[in-house]
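A short write-up of the structure that comes next.
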Amino acid sequence: MTERLSHSVADTEQIAAEIAQTLRGGECIALHGDLGAGKTQFVRGLVKALGGDRAAVSSPTFVLLHVYKTSTLTVYHLDAYRVHGGEDFEQIGFDELLEQGGVVVVEWASRVQRLIPRGHLEVRITTTGENDRTIAIGRSA
Ligand SMILES: Nc1ncnc2c1ncn2[C@@H]1O[C@H](COP(=O)(O)OP(=O)(O)OP(=O)(O)O)[C@@H](O)[C@H]1O
Ligand SMILES: [Mg+2]
């Protein structure tokens, strides 16, 4: 488990960019953190670092899924905030998304914990001040 400190949106995007460099495709990233913690900002940094359009990134709270094609990998961005039990995720074919060779990123992943594959990357963002965040990064068992 690595713990990083962020003091700005740019810091958070930079930390996400460092993780982006390690992605080869087929990964699942579970994002945790309260409302406004910076989960979507983190995805912006990730998409930008992969060569995609950061401005296209927003929380897929109502549609559940946004897909961003980048110059390297396709990013499947999901938000489980309004999901209870995981049936909605199953309906949009979450299991199939995991097999596309892209990167699957899930905000509010704890809401669909049973669907998140073993060995996924955990990113936990904690708000510690107006612009301060602690970002804990680790691989799940
Ligand atoms: N260090 C920081 N890292 C990330 N965001 C920050 C930071 N400091 C301030 N912010 C602000 O916090 C907010 C984070 O919003 P964001 O939409 O990324 O949160 P979220 O975790 O996705 O929330 P939600 O659960 O509602 O989807 C933005 O308004 C951003 O400007
Ligand atoms: Mg969000």
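Scheme for the structure tokens: letters A, B, ... for chains in order shown; per-chain residue numbers from 1; ligand numbers from 1 in order shown.
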Could the residues that lie within 12 Å of ligand 2, counting only C-alpha atoms and all ligand atoms, be listed as a ChimeraX atom specification?
/A:31-44,57-62,64-66,77-82,105-109,125
Show which residues sit within 9 Å of Glu27 of chain A, as a list in words. Count only C-alpha atoms, and ignore same-chain residues fewer than 6 positions away.
Leu98, Gly101, Gly102, Val103, Val104, Val105, Gly119, His120 and Leu121 of chain A
DSSP says strand (DSSP E or B) for which residues of chain A? Put them as a VMD selection string?
chain A and resid 2 to 6 28 to 32 65 to 69 74 to 79 103 to 107 121 to 127 133 to 139
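Coordinates place atom CA of Arg4 of chain A at a distance of 19.0 Å from atom 29 (O, counted along the ligand's line) of ligand 1.
Using only C-alpha atoms and all ligand atoms, the smallest distance between any of A:Glu18, A:Glu122, A:Glu130, A:Asp88 and ligand 1 comes from A:Glu130.
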Enumerate, as a ChimeraX atom specification, the complete set of residues in segment 7-123 of chain A that a backbone-based DSSP assignment places in helix (DSSP H, G or I).
/A:9-20,39-49,54-56,87-91,94-97,109-115
Atomic separation - atom CA of Ile29 of chain A relative to atom CA of Gln91 of chain A, Å
19.9 Å
Which residues are near Leu23 of chain A? Cut-off 10 Å, only C-alpha atoms, ignore same chain within fewer than 2 positions. Put them as a list in words.
Glu18, Ile19, Ala20, Gln21, Gly25, Gly26, Glu27, Cys28, Leu46, Leu50, Thr72, Leu73, Gly102 and Val103 of chain A
